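A.B. asks: This is my_file_25.csv (CSV, C-alpha atoms).
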```
chain,number,residue,atom,x,y,z
S,1,MET,CA,7.3,36.5,-19.8
S,2,ASN,CA,3.8,37.7,-19.3
S,3,ILE,CA,1.6,37.2,-16.2
S,4,THR,CA,-0.1,34.0,-17.6
S,5,GLU,CA,3.2,32.4,-18.4
S,6,ARG,CA,4.6,33.4,-14.9
S,7,HIS,CA,1.5,31.8,-13.2
S,8,GLN,CA,2.0,28.6,-15.2
S,9,ALA,CA,5.6,28.5,-14.3
S,10,ILE,CA,4.8,29.0,-10.6
S,11,LEU,CA,2.1,26.3,-10.6
S,12,GLN,CA,4.5,23.9,-12.4
S,13,LYS,CA,7.2,24.4,-9.7
S,14,LEU,CA,4.5,24.1,-7.0
S,15,GLN,CA,3.3,20.8,-8.4
S,16,GLU,CA,6.9,19.5,-8.5
S,17,ASN,CA,8.0,20.6,-5.1
S,18,GLY,CA,4.8,21.2,-3.1
S,19,LYS,CA,6.1,24.7,-2.3
S,20,VAL,CA,7.7,27.7,-3.9
S,21,ASP,CA,10.1,30.4,-2.6
S,22,ILE,CA,9.7,34.1,-3.6
S,23,GLN,CA,13.5,34.7,-3.9
S,24,GLU,CA,14.0,31.6,-6.1
S,25,LEU,CA,11.0,32.6,-8.3
S,26,SER,CA,12.3,36.1,-8.6
S,27,GLU,CA,15.6,34.9,-9.9
S,28,SER,CA,14.4,32.2,-12.2
S,29,LEU,CA,11.6,34.3,-13.7
S,30,GLN,CA,13.7,37.5,-13.8
S,31,VAL,CA,11.1,39.7,-12.1
S,32,SER,CA,11.0,41.5,-8.8
S,33,GLY,CA,10.0,40.0,-5.5
S,34,VAL,CA,7.1,42.5,-5.4
S,35,THR,CA,5.8,41.1,-8.7
S,36,ILE,CA,6.1,37.5,-7.4
S,37,ARG,CA,4.2,38.4,-4.2
S,38,LYS,CA,1.4,39.9,-6.3
S,39,ASP,CA,1.3,36.7,-8.4
S,40,LEU,CA,1.1,34.5,-5.3
S,41,LYS,CA,-1.7,36.7,-4.0
S,42,LEU,CA,-3.7,36.3,-7.2
S,43,LEU,CA,-3.1,32.5,-7.3
S,44,GLU,CA,-4.3,32.3,-3.7
S,45,GLU,CA,-7.5,34.2,-4.5
S,46,LYS,CA,-8.1,31.6,-7.2
S,47,LYS,CA,-7.6,28.9,-4.5
S,48,LEU,CA,-4.6,27.5,-6.5
S,49,LEU,CA,-2.1,27.7,-3.6
S,50,PHE,CA,-1.7,29.0,-0.1
S,51,ARG,CA,0.7,31.9,0.7
S,52,THR,CA,3.2,31.3,3.4
S,53,LYS,CA,6.1,33.3,4.9
S,54,GLY,CA,8.5,33.8,2.0
S,55,GLY,CA,6.6,31.9,-0.6
S,56,GLY,CA,3.6,29.6,-1.3
S,57,SER,CA,2.5,26.0,-0.6
S,58,THR,CA,0.0,23.3,-1.7
S,59,GLN,CA,-0.8,22.9,2.0
S,60,ASN,CA,-2.9,25.3,4.1
S,61,PRO,CA,-0.6,26.6,6.8
S,62,TYR,CA,-3.5,26.8,9.2
S,63,THR,CA,-4.4,23.1,9.0
S,64,ILE,CA,-0.9,22.2,10.2
S,65,GLU,CA,-0.2,22.4,13.9
S,66,ARG,CA,2.5,25.0,14.3
S,67,PRO,CA,4.0,26.8,17.3
S,68,ILE,CA,2.0,29.9,18.0
S,69,ASN,CA,5.1,32.2,17.3
S,70,GLU,CA,5.2,30.9,13.8
S,71,LYS,CA,1.5,31.4,13.2
S,72,GLU,CA,1.8,35.1,14.3
S,73,LEU,CA,3.8,35.8,11.1
S,74,ILE,CA,1.0,34.6,8.8
S,75,LYS,CA,-1.3,37.3,7.6
S,76,ALA,CA,-0.2,39.6,10.4
S,77,GLU,CA,-1.6,42.8,9.0
S,78,GLU,CA,-5.0,41.2,8.4
S,79,LYS,CA,-5.1,40.0,12.0
S,80,LYS,CA,-4.4,43.5,13.3
S,81,LYS,CA,-7.3,44.9,11.3
S,82,ILE,CA,-9.6,42.2,12.4
S,83,ALA,CA,-8.7,42.9,16.1
S,84,LYS,CA,-9.4,46.6,15.6
S,85,ALA,CA,-12.8,45.8,14.2
S,86,ALA,CA,-13.5,43.4,17.1
S,87,MET,CA,-12.9,46.2,19.6
S,88,HIS,CA,-16.3,47.7,18.7
S,89,LEU,CA,-18.1,44.5,19.9
S,90,VAL,CA,-16.5,44.7,23.3
S,91,GLY,CA,-18.8,47.6,24.0
S,92,ASP,CA,-20.0,47.9,27.5
S,93,SER,CA,-19.7,44.3,28.4
S,94,ASP,CA,-18.5,43.6,31.9
S,95,SER,CA,-17.1,40.2,31.0
S,96,ILE,CA,-15.7,38.6,27.8
S,97,ILE,CA,-13.9,35.4,26.9
S,98,ILE,CA,-10.8,35.6,24.6
S,99,GLY,CA,-9.9,32.2,23.3
S,100,SER,CA,-6.5,31.0,22.1
S,101,GLY,CA,-4.8,31.7,18.8
S,102,THR,CA,-2.9,34.5,17.1
S,103,THR,CA,-5.9,36.5,15.7
S,104,VAL,CA,-7.7,36.8,19.1
S,105,PHE,CA,-4.3,37.6,20.8
S,106,GLU,CA,-4.2,40.7,18.7
S,107,LEU,CA,-7.5,41.7,20.4
S,108,ALA,CA,-5.8,41.4,23.8
S,109,ARG,CA,-3.0,43.6,22.6
S,110,SER,CA,-5.5,46.3,21.5
S,111,LEU,CA,-7.6,46.1,24.6
S,112,HIS,CA,-7.4,49.2,26.8
S,113,PRO,CA,-10.8,49.7,28.5
S,114,ILE,CA,-11.8,52.8,30.4
S,115,GLN,CA,-14.1,50.9,32.8
S,116,HIS,CA,-13.9,47.6,34.6
S,117,LEU,CA,-13.7,44.5,32.4
S,118,THR,CA,-13.2,40.9,33.3
S,119,VAL,CA,-11.4,38.8,30.7
S,120,ILE,CA,-11.7,35.0,30.9
S,121,THR,CA,-9.2,33.1,28.9
S,122,PRO,CA,-7.5,29.7,28.5
S,123,ALA,CA,-4.5,31.3,26.8
S,124,LEU,CA,-1.4,32.1,28.8
S,125,LYS,CA,-0.3,34.7,26.3
S,126,VAL,CA,-3.6,36.6,26.7
S,127,ALA,CA,-3.4,36.4,30.5
S,128,LEU,CA,0.2,37.7,30.6
S,129,GLU,CA,-0.7,40.5,28.1
S,130,LEU,CA,-3.6,41.7,30.2
S,131,CYS,CA,-2.7,40.9,33.8
S,132,ASN,CA,-1.3,44.4,34.6
S,133,ARG,CA,-3.6,46.3,32.3
S,134,PRO,CA,-5.6,49.1,34.0
S,135,TYR,CA,-9.4,48.2,34.6
S,136,VAL,CA,-8.9,44.6,33.5
S,137,ASP,CA,-9.3,41.6,35.8
S,138,VAL,CA,-8.1,38.3,34.3
S,139,LEU,CA,-9.7,34.9,35.1
S,140,GLN,CA,-7.2,32.4,33.9
S,141,ILE,CA,-8.8,29.0,32.9
S,142,GLY,CA,-6.5,26.3,34.2
S,143,GLY,CA,-5.8,22.8,33.0
S,144,LEU,CA,-3.4,20.9,30.9
S,145,ILE,CA,-1.3,23.4,28.8
S,146,HIS,CA,-1.1,22.5,25.1
S,147,GLN,CA,2.5,23.2,24.0
S,148,ASN,CA,1.9,24.6,20.5
S,149,SER,CA,-0.8,27.1,21.5
S,150,SER,CA,0.3,27.7,25.2
S,151,SER,CA,-3.3,27.4,26.1
S,152,ALA,CA,-5.2,25.3,28.7
S,153,ALA,CA,-7.6,22.5,27.7
S,154,GLY,CA,-9.2,19.4,29.1
S,155,SER,CA,-11.7,18.5,31.8
S,156,PHE,CA,-10.2,20.7,34.5
S,157,ALA,CA,-10.5,23.7,32.3
S,158,GLU,CA,-14.1,22.8,31.3
S,159,ARG,CA,-15.0,22.3,35.0
S,160,LEU,CA,-14.0,25.9,35.8
S,161,LEU,CA,-16.6,27.1,33.3
S,162,GLU,CA,-19.5,25.2,34.8
S,163,ASP,CA,-20.9,28.2,36.8
S,164,ILE,CA,-19.7,31.0,34.5
S,165,SER,CA,-21.6,33.2,32.0
S,166,CYS,CA,-20.1,36.0,29.9
S,167,GLY,CA,-21.2,38.7,27.5
S,168,VAL,CA,-19.1,38.1,24.4
S,169,LEU,CA,-16.8,35.3,23.3
S,170,PHE,CA,-14.0,36.1,20.9
S,171,ILE,CA,-12.6,33.0,19.3
S,172,GLY,CA,-10.4,32.0,16.4
S,173,VAL,CA,-10.9,29.0,14.1
S,174,ASP,CA,-9.0,27.1,11.4
S,175,GLY,CA,-11.9,26.3,9.2
S,176,ILE,CA,-15.3,27.7,8.2
S,177,ASP,CA,-17.4,25.4,6.0
S,178,PRO,CA,-21.1,25.8,5.2
S,179,GLU,CA,-21.8,22.1,5.9
S,180,PHE,CA,-19.3,21.1,8.5
S,181,GLY,CA,-19.5,24.4,10.4
S,182,LEU,CA,-16.5,25.9,12.3
S,183,SER,CA,-13.5,23.8,13.2
S,184,ILE,CA,-10.0,23.8,14.6
S,185,THR,CA,-6.9,21.6,14.1
S,186,ASN,CA,-6.3,21.0,17.8
S,187,LEU,CA,-8.6,18.2,19.0
S,188,ALA,CA,-7.5,18.8,22.6
S,189,GLU,CA,-9.0,22.3,22.6
S,190,ALA,CA,-12.1,21.5,20.6
S,191,SER,CA,-14.2,20.4,23.6
S,192,LEU,CA,-13.2,23.5,25.6
S,193,ASN,CA,-14.2,25.8,22.7
S,194,MET,CA,-17.6,24.1,22.5
S,195,LYS,CA,-18.0,24.7,26.2
S,196,MET,CA,-17.1,28.4,25.9
S,197,ILE,CA,-19.6,28.8,22.9
S,198,SER,CA,-22.4,27.3,25.0
S,199,LEU,CA,-22.0,29.8,27.9
S,200,ALA,CA,-21.5,33.0,25.9
S,201,GLN,CA,-24.4,35.4,25.1
S,202,THR,CA,-22.7,36.5,21.9
S,203,VAL,CA,-20.3,34.5,19.8
S,204,VAL,CA,-17.8,36.4,17.6
S,205,ILE,CA,-15.5,34.5,15.2
S,206,MET,CA,-12.3,36.3,14.3
S,207,ALA,CA,-10.9,34.7,11.1
S,208,ASP,CA,-9.1,35.9,8.0
S,209,SER,CA,-10.4,35.0,4.5
S,210,SER,CA,-8.1,32.0,4.1
S,211,LYS,CA,-10.1,30.1,6.7
S,212,PHE,CA,-13.2,29.9,4.5
S,213,ASP,CA,-14.1,26.6,2.7
S,214,ARG,CA,-11.6,24.8,4.9
S,215,ARG,CA,-12.1,22.1,7.6
S,216,GLY,CA,-10.0,21.5,10.7
S,217,ILE,CA,-10.2,18.1,12.3
S,218,GLY,CA,-12.3,19.1,15.3
S,219,ARG,CA,-15.7,20.6,14.8
S,220,ILE,CA,-16.7,23.1,17.5
S,221,CYS,CA,-20.1,24.5,16.3
S,222,SER,CA,-22.5,25.2,13.5
S,223,LEU,CA,-22.9,28.5,11.7
S,224,GLU,CA,-26.3,28.9,13.4
S,225,GLN,CA,-24.5,29.2,16.8
S,226,VAL,CA,-22.4,32.2,15.6
S,227,ASP,CA,-23.5,35.8,15.9
S,228,TYR,CA,-20.6,37.6,14.1
S,229,ILE,CA,-17.7,36.7,11.9
S,230,ILE,CA,-15.0,39.4,11.5
S,231,THR,CA,-12.8,38.8,8.5
S,232,ASP,CA,-10.7,40.7,5.9
S,233,ALA,CA,-11.5,42.3,2.6
S,234,LEU,CA,-10.5,39.3,0.5
S,235,VAL,CA,-13.5,37.2,1.5
S,236,ALA,CA,-15.7,36.3,-1.5
S,237,PRO,CA,-19.0,38.3,-1.9
S,238,GLU,CA,-20.9,35.0,-2.4
S,239,THR,CA,-19.5,33.8,1.0
S,240,VAL,CA,-20.7,36.9,2.7
S,241,ARG,CA,-24.2,36.4,1.1
S,242,MET,CA,-24.3,32.8,2.3
S,243,LEU,CA,-23.4,33.7,5.9
S,244,THR,CA,-25.9,36.6,6.0
S,245,GLU,CA,-28.6,34.2,4.8
S,246,ARG,CA,-27.7,31.8,7.6
S,247,GLY,CA,-28.1,34.6,10.1
S,248,VAL,CA,-24.5,35.5,10.7
S,249,LYS,CA,-23.5,39.2,10.8
S,250,VAL,CA,-20.3,39.7,8.8
S,251,ILE,CA,-17.9,42.5,9.5
S,252,ILE,CA,-15.2,43.3,6.9
S,253,ALA,CA,-12.1,44.7,8.6
S,254,GLU,CA,-10.7,47.5,6.5
```
Will you turn the file into structure tokens for me?
C.D. replies:
Amino acid sequence: MNITERHQAILQKLQENGKVDIQELSESLQVSGVTIRKDLKLLEEKKLLFRTKGGGSTQNPYTIERPINEKELIKAEEKKKIAKAAMHLVGDSDSIIIGSGTTVFELARSLHPIQHLTVITPALKVALELCNRPYVDVLQIGGLIHQNSSSAAGSFAERLLEDISCGVLFIGVDGIDPEFGLSITNLAEASLNMKMISLAQTVVIMADSSKFDRRGIGRICSLEQVDYIITDALVAPETVRMLTERGVKVIIAE
């Protein structure tokens, strides 16, 4: 069976079941798991499916509300590279905001400043990661904790931000669409994200390439409100050109 026949077989099974499993495909098509993973990657690049842990699906895993520990397993290596690239934008800032989500949490893990830095965050995981880190003061945004993201949201959280300004906001999203703008799947957190965007001097979006041409249910800002987007090497060149023309600086994490 050649690659075209394999892809047709994978897409046929995907159409029938809505998802495919690497182990099952490997056995039925009599090829290695490595080969199947390469096939799924190629099909995802053609926007014919979404890769998931252990297989593929017709549904974008990012547009489904999942517990944060499950999301951490999706595109884990890409997230680490994006976080490493984001470190250069922390620079000499004396205050930053780190939002909720697994991609920006990787930034918190990588953060080891050599001079004083205040980190403002609604995310409990970020606060716990940084609360004993040398040279880091953590301002935890309080409010109603959303179970899936372990992050605060709501009017109490937004009220705390009324008299705050910060240098750089690092935030994750679930969708980046030229017309709709940037969006997330958690409506409870959308308003807080809008508030954080309004008070930051520089807005940095950390998002892997699967987030492009997608829409979450809650819009948080337009592309014109974004200064940087940090993504992985699978982003389409035409997407990079479009973002650059709209005034967004794109950083490809290698």
A.B. asks: List every residue of segment 33-139 of chain S that has an atom at most 12 Å from any atom of segment 170-182 of chain S, giving for each one its closest atom pair and the distance in Å to one decimal, counting all atoms listed in the file, sorted by chain and then by ascending residue number, as a Markdown table.
C.D. replies:
```
| residue | atom | partner | partner_atom | distance |
| --- | --- | --- | --- | --- |
| S:Asn60 | CA | S:Asp174 | CA | 9.7 |
| S:Pro61 | CA | S:Asp174 | CA | 9.6 |
| S:Tyr62 | CA | S:Asp174 | CA | 5.9 |
| S:Thr63 | CA | S:Asp174 | CA | 6.6 |
| S:Ile64 | CA | S:Asp174 | CA | 9.5 |
| S:Glu65 | CA | S:Asp174 | CA | 10.3 |
| S:Lys71 | CA | S:Asp174 | CA | 11.5 |
| S:Lys79 | CA | S:Gly172 | CA | 10.6 |
| S:Ile82 | CA | S:Gly172 | CA | 11.0 |
| S:Ala83 | CA | S:Phe170 | CA | 9.9 |
| S:Ala85 | CA | S:Phe170 | CA | 11.8 |
| S:Ala86 | CA | S:Phe170 | CA | 8.2 |
| S:Met87 | CA | S:Phe170 | CA | 10.2 |
| S:Leu89 | CA | S:Phe170 | CA | 9.4 |
| S:Val90 | CA | S:Phe170 | CA | 9.3 |
| S:Ser95 | CA | S:Phe170 | CA | 11.3 |
| S:Ile96 | CA | S:Phe170 | CA | 7.5 |
| S:Ile97 | CA | S:Phe170 | CA | 6.0 |
| S:Ile98 | CA | S:Phe170 | CA | 4.9 |
| S:Gly99 | CA | S:Ile171 | CA | 4.9 |
| S:Ser100 | CA | S:Gly172 | CA | 7.0 |
| S:Gly101 | CA | S:Gly172 | CA | 6.1 |
| S:Thr102 | CA | S:Gly172 | CA | 7.9 |
| S:Thr103 | CA | S:Gly172 | CA | 6.4 |
| S:Val104 | CA | S:Gly172 | CA | 6.1 |
| S:Phe105 | CA | S:Gly172 | CA | 9.4 |
| S:Glu106 | CA | S:Gly172 | CA | 10.9 |
| S:Leu107 | CA | S:Phe170 | CA | 8.6 |
| S:Ala108 | CA | S:Phe170 | CA | 10.2 |
| S:Val119 | CA | S:Phe170 | CA | 10.5 |
| S:Ile120 | CA | S:Phe170 | CA | 10.3 |
| S:Thr121 | CA | S:Phe170 | CA | 9.8 |
| S:Pro122 | CA | S:Ile171 | CA | 11.0 |
| S:Ala123 | CA | S:Ile171 | CA | 11.2 |
| S:Val126 | CA | S:Phe170 | CA | 11.9 |
```
A.B. asks: Taking (-21.9, 29.7, 11.8) in the coordinates of the supplied file, I want to know which residues reach to within 12 Å of it, counting only C-alpha atoms; could you give the answer as a ChimeraX atom specification?
C.D. replies: /S:173,175-183,197,203-206,212,219-230,239-240,242-250
A.B. asks: Go through S:Thr118, S:Thr52, S:Ser210, S:Gln15 one by one, measure the shortest atom-to-atom distance of each to Val136 of chain S using only C-alpha atoms, and give the residue with the smallest value.
C.D. replies: S:Thr118
A.B. asks: Looking at all atoms listed in the file, which of S:Arg109, S:Asp163, S:Gly142, S:Leu29 is the one that sits closest to Leu128 of chain S?
C.D. replies: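 Once distances to Leu128 of chain S are computed over all atoms listed in the file, the minimum belongs to S:Arg109.
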A.B. asks: In Å, with one decimal, what is the gap from atom CA of Met194 of chain S to atom CA of Gln140 of chain S?
C.D. replies: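 Separation between atom CA of Met194 of chain S and atom CA of Gln140 of chain S: 17.5 Å.
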A.B. asks: With only C-alpha atoms counted, which protein, DNA or RNA residues have an atom no more than 8 Å from (-7.7, 49.5, 33.2) in the file frame? Please answer as JSON, numbers by chain.
C.D. replies: {"S": [112, 113, 114, 115, 116, 117, 133, 134, 135, 136]}
A.B. asks: Residues of the last selection are to be written out with C-alpha atoms, as an mmCIF file, in the coordinates of the input.
C.D. replies:
```cif
data_model
loop_
_atom_site.group_PDB
_atom_site.id
_atom_site.type_symbol
_atom_site.label_atom_id
_atom_site.label_comp_id
_atom_site.auth_asym_id
_atom_site.auth_seq_id
_atom_site.Cartn_x
_atom_site.Cartn_y
_atom_site.Cartn_z
ATOM 1 C CA HIS S 112 -7.400 49.200 26.800
ATOM 2 C CA PRO S 113 -10.800 49.700 28.500
ATOM 3 C CA ILE S 114 -11.800 52.800 30.400
ATOM 4 C CA GLN S 115 -14.100 50.900 32.800
ATOM 5 C CA HIS S 116 -13.900 47.600 34.600
ATOM 6 C CA LEU S 117 -13.700 44.500 32.400
ATOM 7 C CA ARG S 133 -3.600 46.300 32.300
ATOM 8 C CA PRO S 134 -5.600 49.100 34.000
ATOM 9 C CA TYR S 135 -9.400 48.200 34.600
ATOM 10 C CA VAL S 136 -8.900 44.600 33.500
#
```
A.B. asks: Using only C-alpha atoms, find the one residue out of S:Arg214, S:Lys125, S:Lys47, S:Lys84 that sits nearest to Ala152 of chain S.
C.D. replies: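 Closest residue, counting only C-alpha atoms: S:Lys125.
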A.B. asks: Just to confirm, what's the straight-line distance from atom CA of Ser155 of chain S to atom CA of Leu130 of chain S in Å (one decimal)?
C.D. replies: 24.6 Å
A.B. asks: Using Å and a single decimal, report how far atom CA of Ser149 of chain S sits from atom CA of Glu45 of chain S.
C.D. replies: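 Going from atom CA of Glu45 of chain S over to atom CA of Ser149 of chain S, I get 27.8 Å.
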A.B. asks: With only C-alpha atoms as the basis for distance, which of S:Ala200, S:Gly55, S:His7, S:Gly154 is at the shortest distance from Glu24 of chain S?
C.D. replies: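 Nearest to Glu24 of chain S: S:Gly55.
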A.B. asks: My list of candidates is S:Leu144, S:Asp232, S:Arg215, S:Ile3. Which is closest to Glu189 of chain S when distances are computed with all atoms listed in the file?
C.D. replies: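 Looking at the shortest contact to Glu189 of chain S, the residue is S:Leu144.
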